[in-house]
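**Q** Please see the structure below; I have some questions.
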There are 2 protein chains.
Amino acid sequence: MFAVEPIACCAPLGSATLTDEEAEGTAALFRALGDPARVRIVNVLATAGGEVCGCELTDLGLSQPTVSHHLKKLYDAGLLEREQRGKWAYYSLKRDAVAKLAAVADLKEACC
Amino acid sequence: MFAVEPIACCAPLGSATLTDEEAEGTAALFRALGDPARVRIVNVLATAGGEVCGCELTDLGLSQPTVSHHLKKLYDAGLLEREQRGKWAYYSLKRDAVAKLAAVADLKEACC
DNA sequence: CCCTCATATCGATGGACGTCAATATATCGA
DNA sequence: TCGATATATTGACGTCCATCGATATGAGGG
């Protein structure tokens, strides 16, 4: 077994392409979908195709405060739109935001 | 530890109703990139284009145990490949895994 | 006005996680 | 064999977070 000599071990990489703010922003975007409850909520909104009343989202086995908590997280992350009509709140996916997420995950420079 | 193969059982956000395992697997994938340090590591690996010695990754302002911790997280999520040569560990991105992550976030196209 | 219902907020709690110092393991070179 | 280096692991600590019950806010209907 021959060993490949690592001649370029500690050569400096190119200049860092991400600032602290960019890294934190990207991480925050992924973190918004880093919980199974929020994945389910986004999945429901994606399959519904349009607006979904928040009152339907308690069917996921979570209490109403918990659902409200997750909806706020997703909304603050910019992934959801919210419209209050009467005493009901209607949520829908911001498709462009999800598309940006996919673009970031694709490691393309096309985002932003 | 489960979710050893979260890539293989990708559950796109736009697919039909998710099972608990699918939601957790998808969330685990996103959670792997839900930390700015790991975003930076993936960014370095992406811009490097190939293998990167782990000894270079301590330049991100983190201690060596912390870098090792994050590398393990990314590796367990299936996003990295690791090869030990001598006393150095060389990491590289699993491009197909990252591509599938992007596909999960893509609402327009089916993933599997 | 009350009552009901949808939603948000507060407070508490338990667990997960990021971080580092110290230590252990392993490899290479002298 | 000994010392230096790269990496992983352990243990501890502080913070963030998911979850819930209780409560507050707000809109309709009677």
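Identifiers in this document derive from the order of the structure tokens: chains are assigned A, B, ..., residues are numbered from 1 separately in each chain, and ligands are numbered from 1 in order of occurrence.
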If chain A is superposed onto chain B by least squares using every Cα atom in order, what is the RMSD, in Å to one decimal?

**A**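 Result: 12.4 Å C-alpha RMSD.
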
**Q** List every residue of region 7-110 of chain A that DSSP, applied to the backbone, labels as strand (DSSP E), and write the result as a ChimeraX atom specification.

**A** /A:52-53,80-85,88-93

**Q** Please run DSSP on the backbone and report, as a ChimeraX atom specification, all residues within chain B that come out as alpha helix (DSSP H).

**A** /B:20-32,36-48,64-76,95-105

**Q** Between B:Gly61, B:Thr17, B:Ala103, B:Glu83, single out the one closest to Leu45 (chain A), counting only C-alpha atoms.

**A** B:Thr17

**Q** Give as a list in words every residue of chain B that touches chain C within 7 Å, counting only C-alpha atoms (C1' of nucleotides).

**A**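 Those within range of chain C come out as Thr66, Gly86 and Lys87 of chain B.
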
**Q** Keeping N, CA, C and O atoms, export the residues of the selection given above as a PDB file, in the first residue's frame.

**A**
ATOM      1  N   THR B  66     -14.002  21.750  17.568  1.00  0.00           N
ATOM      2  CA  THR B  66     -15.261  22.229  17.004  1.00  0.00           C
ATOM      3  C   THR B  66     -15.342  21.916  15.516  1.00  0.00           C
ATOM      4  O   THR B  66     -16.387  21.486  15.020  1.00  0.00           O
ATOM      5  N   GLY B  86      -2.495   8.948   5.635  1.00  0.00           N
ATOM      6  CA  GLY B  86      -1.514   9.272   6.653  1.00  0.00           C
ATOM      7  C   GLY B  86      -2.203   9.868   7.866  1.00  0.00           C
ATOM      8  O   GLY B  86      -3.209   9.374   8.324  1.00  0.00           O
ATOM      9  N   LYS B  87      -1.667  10.944   8.365  1.00  0.00           N
ATOM     10  CA  LYS B  87      -2.295  11.564   9.525  1.00  0.00           C
ATOM     11  C   LYS B  87      -3.235  12.691   9.120  1.00  0.00           C
ATOM     12  O   LYS B  87      -3.756  13.388   9.966  1.00  0.00           O
TER      13      LYS B  87
END
